[in-house]
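A.B. asks: Structure file entry.cif (mmCIF, C-alpha atoms and all ligand atoms) is given on the next line.
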```cif
data_target
#
loop_
_atom_site.label_atom_id
_atom_site.label_comp_id
_atom_site.auth_asym_id
_atom_site.auth_seq_id
_atom_site.Cartn_x
_atom_site.Cartn_y
_atom_site.Cartn_z
CA MET X 1 96.79 72.45 75.20
CA SER X 2 98.40 75.87 74.71
CA PHE X 3 97.74 78.78 77.10
CA LYS X 4 95.89 80.58 74.31
CA GLU X 5 93.60 77.60 73.69
CA LYS X 6 92.95 76.99 77.38
CA PHE X 7 92.09 80.63 78.02
CA LYS X 8 90.25 81.29 74.75
CA GLU X 9 87.17 82.43 76.71
CA GLY X 10 89.42 84.76 78.68
CA ILE X 11 90.59 85.10 82.28
CA ILE X 12 87.68 84.87 84.68
CA THR X 13 89.01 83.26 87.85
CA ALA X 14 92.39 82.38 89.33
CA LYS X 15 90.97 78.90 89.92
CA ASP X 16 91.40 78.12 86.21
CA PHE X 17 95.19 78.42 86.51
CA SER X 18 97.41 75.39 87.03
CA ARG X 19 100.94 75.87 88.28
CA GLU X 20 102.17 75.35 84.69
CA ASP X 21 99.82 78.09 83.42
CA ILE X 22 101.05 80.51 86.09
CA ASP X 23 104.72 79.76 85.46
CA TYR X 24 104.16 80.14 81.71
CA ILE X 25 102.43 83.52 81.87
CA LEU X 26 104.86 84.84 84.51
CA GLN X 27 107.72 83.95 82.17
CA LYS X 28 105.95 85.86 79.39
CA GLY X 29 105.48 88.78 81.79
CA LYS X 30 109.18 88.73 82.65
CA GLU X 31 110.05 88.90 78.96
CA MET X 32 107.93 92.06 78.65
CA ILE X 33 109.82 93.85 81.45
CA HIS X 34 112.11 96.60 80.18
CA ASN X 35 110.71 95.98 76.71
CA ASN X 36 109.11 99.38 76.34
CA LYS X 37 109.53 99.71 72.60
CA LYS X 38 106.22 99.94 70.82
CA ALA X 39 105.52 96.56 69.24
CA ASP X 40 103.01 95.66 66.56
CA VAL X 41 101.93 92.26 67.83
CA LEU X 42 98.38 93.57 68.34
CA LYS X 43 98.32 96.00 65.41
CA GLY X 44 94.76 96.31 64.10
CA LYS X 45 93.25 94.82 67.28
CA ILE X 46 90.82 96.68 69.51
CA LEU X 47 90.40 96.17 73.25
CA ALA X 48 87.17 97.28 74.94
CA THR X 49 87.55 98.35 78.59
CA LEU X 50 84.15 98.32 80.30
CA PHE X 51 84.61 99.72 83.81
CA PHE X 52 81.40 99.95 85.80
CA GLU X 53 83.46 100.69 88.92
CA PRO X 54 86.30 103.21 89.46
CA SER X 55 89.89 102.29 88.62
CA THR X 56 93.24 103.98 88.15
CA ARG X 57 95.78 101.16 87.79
CA THR X 58 93.85 98.33 86.20
CA ARG X 59 92.17 100.28 83.44
CA LEU X 60 95.10 102.54 82.60
CA SER X 61 97.67 99.72 82.67
CA PHE X 62 95.50 97.56 80.40
CA GLU X 63 95.07 100.49 78.05
CA SER X 64 98.76 101.39 78.15
CA ALA X 65 99.69 97.74 77.56
CA MET X 66 97.35 97.56 74.57
CA TYR X 67 98.77 100.74 73.01
CA ARG X 68 102.33 99.55 73.64
CA LEU X 69 101.55 96.38 71.70
CA GLY X 70 100.29 98.40 68.73
CA GLY X 71 96.57 97.98 69.41
CA ASN X 72 93.76 100.41 70.12
CA VAL X 73 91.27 100.85 72.94
CA ILE X 74 87.61 101.80 73.23
CA GLY X 75 85.48 101.81 76.36
CA PHE X 76 84.04 103.63 79.30
CA HIS X 77 85.16 104.26 82.85
CA THR X 78 81.82 104.50 84.61
CA GLY X 79 78.56 102.66 84.11
CA ASP X 80 76.83 106.06 84.12
CA VAL X 81 77.77 106.74 80.50
CA SER X 82 76.82 103.32 79.13
CA SER X 83 73.32 102.17 78.22
CA THR X 84 73.22 99.98 81.33
CA LYS X 85 72.17 103.25 82.95
CA LYS X 86 68.99 102.96 80.84
CA GLY X 87 68.47 99.41 82.00
CA GLU X 88 70.42 97.40 79.40
CA SER X 89 71.65 94.04 80.72
CA ILE X 90 75.28 92.92 80.94
CA ALA X 91 74.45 90.18 78.41
CA ASP X 92 73.16 92.65 75.81
CA THR X 93 76.07 95.02 76.48
CA ILE X 94 78.56 92.21 75.83
CA ARG X 95 76.73 90.93 72.73
CA THR X 96 76.94 94.46 71.36
CA VAL X 97 80.51 95.38 72.32
CA GLU X 98 81.93 92.12 70.95
CA ASN X 99 81.03 93.43 67.49
CA TYR X 100 83.31 96.40 68.06
CA SER X 101 86.36 94.74 69.63
CA ASP X 102 88.65 91.69 69.81
CA GLY X 103 88.71 91.37 73.61
CA ILE X 104 86.83 92.83 76.57
CA VAL X 105 88.17 93.85 79.97
CA ILE X 106 85.33 94.22 82.47
CA ARG X 107 85.11 95.51 86.04
CA HIS X 108 81.75 95.32 87.77
CA ASN X 109 80.36 95.34 91.29
CA LEU X 110 78.63 91.96 90.79
CA GLU X 111 80.74 88.93 91.71
CA GLY X 112 79.46 86.92 88.76
CA ALA X 113 79.73 89.69 86.15
CA ALA X 114 82.83 88.47 84.30
CA ARG X 115 81.56 84.87 84.27
CA LEU X 116 78.22 86.08 82.91
CA ALA X 117 79.98 88.18 80.27
CA ALA X 118 82.03 85.16 79.15
CA LYS X 119 78.84 83.14 78.76
CA PHE X 120 77.56 85.57 76.15
CA ALA X 121 80.81 86.55 74.42
CA LYS X 122 82.55 84.97 71.46
CA ILE X 123 85.74 86.95 72.22
CA PRO X 124 88.00 86.73 75.31
CA ILE X 125 86.73 88.36 78.50
CA ILE X 126 89.21 89.52 81.14
CA ASN X 127 87.97 89.94 84.70
CA ALA X 128 89.34 93.25 85.99
CA GLY X 129 87.57 92.96 89.33
CA SER X 130 84.20 91.36 90.06
CA GLY X 131 82.64 92.74 93.24
CA SER X 132 84.17 91.13 96.32
CA GLY X 133 84.98 88.04 94.29
CA GLU X 134 88.19 88.08 92.30
CA HIS X 135 90.78 90.15 90.47
CA PRO X 136 92.95 87.52 88.77
CA THR X 137 95.23 89.73 86.67
CA GLN X 138 96.14 91.73 89.78
CA ALA X 139 97.19 88.47 91.44
CA LEU X 140 99.35 87.57 88.44
CA LEU X 141 101.14 90.90 88.59
CA ASP X 142 101.52 90.44 92.35
CA LEU X 143 103.32 87.13 91.76
CA LEU X 144 105.47 88.70 89.06
CA THR X 145 106.45 91.41 91.56
CA ILE X 146 107.33 88.86 94.24
CA ILE X 147 109.61 86.83 91.96
CA GLN X 148 111.19 89.93 90.44
CA GLU X 149 112.08 90.97 93.99
CA GLY X 150 114.08 87.78 94.33
CA HIS X 151 111.65 85.61 96.29
CA LYS X 152 110.59 82.09 95.35
CA LEU X 153 106.91 81.20 95.56
CA ASP X 154 107.67 77.77 97.04
CA GLY X 155 108.57 78.31 100.68
CA LEU X 156 107.42 81.95 100.65
CA ASN X 157 106.33 83.32 104.04
CA ILE X 158 103.64 85.82 103.20
CA GLY X 159 101.32 87.82 105.44
CA ILE X 160 98.11 88.97 103.76
CA MET X 161 96.59 91.71 105.87
CA GLY X 162 93.45 93.79 105.84
CA ASP X 163 90.04 93.23 104.37
CA LEU X 164 90.14 89.53 103.61
CA LYS X 165 86.37 89.24 103.44
CA TYR X 166 85.65 91.77 100.70
CA GLY X 167 89.14 92.15 99.16
CA ARG X 168 89.05 90.55 95.72
CA THR X 169 92.81 90.83 95.16
CA VAL X 170 93.35 88.72 98.30
CA HIS X 171 91.04 85.99 97.03
CA SER X 172 92.77 85.67 93.66
CA LEU X 173 96.24 85.92 95.21
CA SER X 174 95.62 83.14 97.74
CA ILE X 175 94.09 80.93 95.02
CA LEU X 176 97.17 81.37 92.80
CA LEU X 177 99.48 80.75 95.77
CA SER X 178 97.65 77.48 96.46
CA ASN X 179 99.65 76.10 93.52
CA TYR X 180 102.90 76.59 95.48
CA GLU X 181 104.26 75.57 98.88
CA ALA X 182 103.72 78.99 100.43
CA ASN X 183 103.05 79.64 104.12
CA ILE X 184 100.25 82.16 104.35
CA TYR X 185 99.37 84.25 107.42
CA PHE X 186 95.95 85.87 107.04
CA ILE X 187 95.87 88.94 109.30
CA SER X 188 92.62 90.81 109.91
CA PRO X 189 90.07 91.77 112.52
CA LYS X 190 87.66 88.90 113.20
CA ASP X 191 84.86 90.54 111.20
CA LEU X 192 87.00 90.69 108.07
CA MET X 193 88.50 87.20 108.04
CA LEU X 194 88.34 85.12 104.86
CA ARG X 195 84.90 83.82 103.96
CA LYS X 196 84.12 80.17 104.63
CA ARG X 197 84.03 79.31 100.93
CA ASP X 198 87.53 80.78 100.45
CA LYS X 199 88.89 78.84 103.42
CA ASP X 200 87.19 75.65 102.21
CA TYR X 201 88.95 76.03 98.86
CA LEU X 202 92.37 76.51 100.49
CA GLN X 203 91.79 73.56 102.83
CA GLN X 204 90.85 71.30 99.91
CA ARG X 205 94.13 72.30 98.29
CA GLN X 206 96.00 71.62 101.56
CA VAL X 207 97.37 75.14 101.77
CA LYS X 208 99.39 75.89 104.90
CA TYR X 209 97.74 78.95 106.41
CA LYS X 210 97.04 80.57 109.78
CA GLU X 211 94.53 83.25 110.71
CA ILE X 212 95.75 85.87 113.17
CA GLU X 213 94.68 89.32 114.32
CA LYS X 214 98.04 90.93 115.15
CA TYR X 215 100.88 91.28 112.68
CA ARG X 216 103.67 92.54 114.96
CA ASP X 217 104.47 89.10 116.38
CA ILE X 218 105.29 87.63 112.96
CA LEU X 219 106.99 90.56 111.21
CA ASN X 220 110.48 89.09 111.58
CA ILE X 221 109.56 85.84 109.79
CA LEU X 222 107.80 87.37 106.79
CA ASP X 223 109.29 87.68 103.31
CA ILE X 224 106.28 89.65 102.09
CA LEU X 225 103.54 91.59 103.83
CA TYR X 226 100.67 92.20 101.39
CA VAL X 227 98.46 94.94 102.81
CA THR X 228 95.00 95.78 101.54
CA ARG X 229 92.54 98.61 101.99
CA ILE X 230 89.35 98.12 103.98
CA GLN X 231 86.80 98.02 101.15
CA LYS X 232 84.42 100.70 102.43
CA GLU X 233 82.19 100.48 99.35
CA ARG X 234 81.32 96.83 100.07
CA PHE X 235 79.95 97.33 103.59
CA ALA X 236 76.17 97.23 103.87
CA ASP X 237 76.42 98.82 107.34
CA ILE X 238 78.65 101.91 107.74
CA GLU X 239 78.88 101.30 111.50
CA GLU X 240 80.49 97.94 110.75
CA TYR X 241 83.05 99.80 108.61
CA ASP X 242 83.71 102.38 111.34
CA ARG X 243 84.50 99.57 113.79
CA VAL X 244 87.33 98.19 111.65
CA LYS X 245 88.59 101.11 109.56
CA ASP X 246 91.50 101.99 111.85
CA PHE X 247 92.46 98.44 112.71
CA TYR X 248 96.06 98.76 111.56
CA VAL X 249 98.57 101.27 110.22
CA PHE X 250 101.99 99.96 109.21
CA THR X 251 104.64 102.46 110.34
CA LYS X 252 108.39 103.09 110.30
CA LYS X 253 108.54 101.48 113.75
CA ASP X 254 107.03 98.28 112.30
CA MET X 255 109.48 98.36 109.40
CA ALA X 256 112.37 98.33 111.88
CA GLU X 257 111.17 94.91 113.09
CA THR X 258 111.36 93.29 109.64
CA ASN X 259 114.19 91.15 108.26
CA ASP X 260 116.63 92.26 105.55
CA ASN X 261 114.78 90.57 102.67
CA PHE X 262 111.34 91.76 103.73
CA LYS X 263 109.14 93.63 101.25
CA ILE X 264 105.80 95.34 101.77
CA MET X 265 103.24 95.28 98.96
CA HIS X 266 99.79 96.79 98.40
CA PRO X 267 97.58 96.50 95.30
CA LEU X 268 96.59 100.16 95.89
CA PRO X 269 94.72 102.43 96.28
CA ARG X 270 96.01 103.00 99.81
CA ILE X 271 94.10 105.05 102.34
CA LYS X 272 96.11 105.08 105.57
CA GLU X 273 96.92 101.43 106.24
CA ILE X 274 100.55 102.04 105.25
CA SER X 275 102.10 105.21 106.61
CA ALA X 276 103.59 107.46 103.89
CA GLU X 277 106.72 107.79 106.06
CA ILE X 278 107.95 104.41 104.69
CA ASP X 279 107.29 105.14 101.01
CA ASP X 280 110.97 105.80 100.30
CA SER X 281 112.19 102.59 101.91
CA PRO X 282 113.65 100.03 99.47
CA LYS X 283 111.43 97.53 101.27
CA SER X 284 108.30 99.38 100.12
CA ILE X 285 107.55 98.10 96.65
CA TYR X 286 103.89 99.02 96.07
CA PHE X 287 104.61 101.52 93.30
CA LYS X 288 106.98 99.07 91.60
CA GLN X 289 104.15 96.55 91.91
CA ALA X 290 101.87 98.99 90.06
CA TYR X 291 104.52 99.22 87.30
CA TYR X 292 104.49 95.41 86.89
CA GLY X 293 100.87 95.74 85.78
CA ILE X 294 102.22 96.85 82.41
CA PRO X 295 104.47 93.86 81.51
CA MET X 296 102.00 91.40 83.04
CA ARG X 297 99.03 92.79 81.14
CA LYS X 298 101.06 93.08 77.94
CA ALA X 299 101.83 89.37 78.28
CA ILE X 300 98.17 88.51 78.90
CA LEU X 301 96.89 90.59 75.99
CA ALA X 302 99.55 89.27 73.60
CA GLU X 303 98.64 85.67 74.52
CA LEU X 304 94.89 86.13 74.30
CA LEU X 305 94.52 88.49 71.36
CA SER X 306 97.40 87.88 68.94
CA ASN X 307 96.81 85.86 65.78
N1 LIG W 401 94.84 97.46 92.15
C1 LIG W 401 93.73 97.96 91.56
O1 LIG W 401 92.82 97.19 91.14
O2 LIG W 401 93.71 99.30 91.44
P1 LIG W 401 92.59 100.16 90.71
O3 LIG W 401 91.32 99.99 91.51
O4 LIG W 401 93.10 101.56 90.71
O5 LIG W 401 92.41 99.59 89.33
#
```
Is it possible to express this structure as structure tokens?
Ligand code: CP
C.D. replies:
Amino acid sequence: MSFKEKFKEGIITAKDFSREDIDYILQKGKEMIHNNKKADVLKGKILATLFFEPSTRTRLSFESAMYRLGGNVIGFHTGDVSSTKKGESIADTIRTVENYSDGIVIRHNLEGAARLAAKFAKIPIINAGSGSGEHPTQALLDLLTIIQEGHKLDGLNIGIMGDLKYGRTVHSLSILLSNYEANIYFISPKDLMLRKRDKDYLQQRQVKYKEIEKYRDILNILDILYVTRIQKERFADIEEYDRVKDFYVFTKKDMAETNDNFKIMHPLPRIKEISAEIDDSPKSIYFKQAYYGIPMRKAILAELLSN
């Protein structure tokens, strides 16, 4: 079955990806790198971007990717200006917007929103972040970044640090990595460790992982440190957030402990978990990572929406 056929309902969860699917779409992403000429592969197509939660990178890179492929974009960037504000359901929103577009990118605070949208849509749905659940296209661009930086996914030593409970990018990234022989170190305060269901999934897939609270001891063995923001907006109790918000700040001193091939990544936005004093280091690749959103999302849109 081709990628296009397999993902005809869209990209909802990283769990739908086999290793072959990931390798295929990463190769397509690679081919889009440095190919900034405007193409016409999606000429006449319209992408709807329905963002019920804030976004800078995901929405703008999807929109930029669509324009660069010759297509057009409609949509909204806050639920406040859509009729959901008047009480319209996600189902009715999707059944309406599919009449106006060829594919829908949706970000919503509900974990099941993209899955629900796909149930009602006859066009591909792309999950651009579903509550604390998943963010699969971010994880694909994260993998593209890692391999473009010269690392192999098999044998990769990766630390994933921060809010592992509520961080949707972390969930999708670890699911995709479960297709490879990576060694994963999950680093977080106890209250923000991976949820049981996420650990159960990784254990079923026999992923080699460890959970630790301190990152300094393992810095010299890491190829990648993937840092995430504490997801303030997901905490029901602000006191719980206050207890963990300053848990870690990666500094220049930490960078000095890393090996020559080490790279530090972050899906962004960053608050203060990575000190700005290391932004100019060649080992800091979080803005390059944001760039890879364009080729990766061009590849995804071209696969899903082209004739
Ligand atoms: N990485 C990411 O999802 O960023 P935005 O929230 O800005 O889209």
A.B. asks: Select, from X:Ser89, X:Ser306, X:Asn109, X:Gln148, the residue with the minimum atom-to-atom distance to ligand LIG 401 (chain W), counting only C-alpha atoms and all ligand atoms.
C.D. replies: X:Asn109
A.B. asks: For chain X against ligand LIG 401 (chain W), with a cut-off of 6 Å and counting all atoms listed in the file, what is the closest atom pair and its distance in Å to one decimal for every residue that makes the cut, ordered by chain and number, as CSV?
C.D. replies:
```
residue,atom,partner,partner_atom,distance
X:Ser55,CA,W:LIG401,O5,3.8
X:Thr56,CA,W:LIG401,O4,3.5
X:Arg57,CA,W:LIG401,O4,4.0
X:Thr58,CA,W:LIG401,O5,3.7
X:Arg59,CA,W:LIG401,O5,5.9
X:Pro267,CA,W:LIG401,N1,4.3
X:Leu268,CA,W:LIG401,N1,4.9
X:Pro269,CA,W:LIG401,O2,5.9
```
A.B. asks: Anything within 9 Å of (105.9, 88.5, 80.8): list those residues as an NGL selection string, counting only C-alpha atoms and sticking to the file's coordinates.
C.D. replies: :X and (24-33 or 144 or 295-300)
A.B. asks: Pull C-alpha atoms from the residues just selected and write them as a compact mmCIF listing (two decimals), in the coordinates of the input.
C.D. replies:
```
# COMPACT_ATOMS: atom_id res chain seq x y z
CA TYR X 24 104.16 80.14 81.71
CA ILE X 25 102.43 83.52 81.87
CA LEU X 26 104.86 84.84 84.51
CA GLN X 27 107.72 83.95 82.17
CA LYS X 28 105.95 85.86 79.39
CA GLY X 29 105.48 88.78 81.79
CA LYS X 30 109.18 88.73 82.65
CA GLU X 31 110.05 88.90 78.96
CA MET X 32 107.93 92.06 78.65
CA ILE X 33 109.82 93.85 81.45
CA LEU X 144 105.47 88.70 89.06
CA PRO X 295 104.47 93.86 81.51
CA MET X 296 102.00 91.40 83.04
CA ARG X 297 99.03 92.79 81.14
CA LYS X 298 101.06 93.08 77.94
CA ALA X 299 101.83 89.37 78.28
CA ILE X 300 98.17 88.51 78.90
```
A.B. asks: How many Å separate CA of Ala118 (chain X) from CA of Thr169 (chain X)?
C.D. replies: 20.1 Å
A.B. asks: With a cut-off of 10 Å, could you pull out the residues of region 165-250 of chain X touching region 276-286 of chain X and give me the nearest pair of atoms for each, distance in Å to one decimal, using all atoms listed in the file, ordered by chain and ascending number, as JSON lines?
C.D. replies:
```
{"residue": "X:Ile224", "atom": "CA", "partner": "X:Lys283", "partner_atom": "CA", "distance": 9.4}
{"residue": "X:Leu225", "atom": "CA", "partner": "X:Ser284", "partner_atom": "CA", "distance": 9.9}
{"residue": "X:Tyr226", "atom": "CA", "partner": "X:Tyr286", "partner_atom": "CA", "distance": 9.2}
{"residue": "X:Val227", "atom": "CA", "partner": "X:Tyr286", "partner_atom": "CA", "distance": 9.6}
{"residue": "X:Phe250", "atom": "CA", "partner": "X:Ile278", "partner_atom": "CA", "distance": 8.7}
```
A.B. asks: Rank X:Asp223, X:Glu273, X:Glu9, X:Asp260 by their smallest atom-to-atom distance to Asp102 (chain X), using all atoms listed in the file, and report the top residue only.
C.D. replies: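 Counting all atoms listed in the file, the residue closest to Asp102 (chain X) is X:Glu9.
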A.B. asks: Just how far from CA of Leu222 (chain X) is CA of Leu140 (chain X), in Å to one decimal?
C.D. replies: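 Taking CA of Leu140 (chain X) as the start and CA of Leu222 (chain X) as the end point, the length is 20.2 Å.
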A.B. asks: Report, in Å with one decimal, the straight-line distance from CA of Leu164 (chain X) to CA of Lys253 (chain X).
C.D. replies: 24.2 Å
A.B. asks: Around all the atoms of region 225-234 of chain X listed in the file, draw an axis-aligned box and extend it by 8 Å on each of the six sides; I want its centre and edge lengths in Å to one decimal, as lines of an AutoDock Vina configuration file.
C.D. replies:
```
center_x = 92.4
center_y = 96.1
center_z = 101.7
size_x = 38.2
size_y = 25.1
size_z = 20.6
```
A.B. asks: Which residue out of X:Ile184, X:Leu194, X:Leu69, X:Ile274 has the minimum interatomic distance to Lys252 (chain X) when all atoms listed in the file are used?
C.D. replies: X:Ile274
A.B. asks: With all atoms listed in the file as the atoms that count, which of X:Thr13, X:Thr84, X:Val97, X:Leu156 lies nearest to Arg168 (chain X)?
C.D. replies: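 For Arg168 (chain X), the nearest of the given residues is X:Thr13.
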A.B. asks: Excluding Glu181 (chain X) and its own-chain neighbours fewer than 6 positions away, which residues fall within 12 Å of it when counting only C-alpha atoms? Please give them as a PyMOL selection string.
C.D. replies: chain X and resi 19+152-158+174+205-209
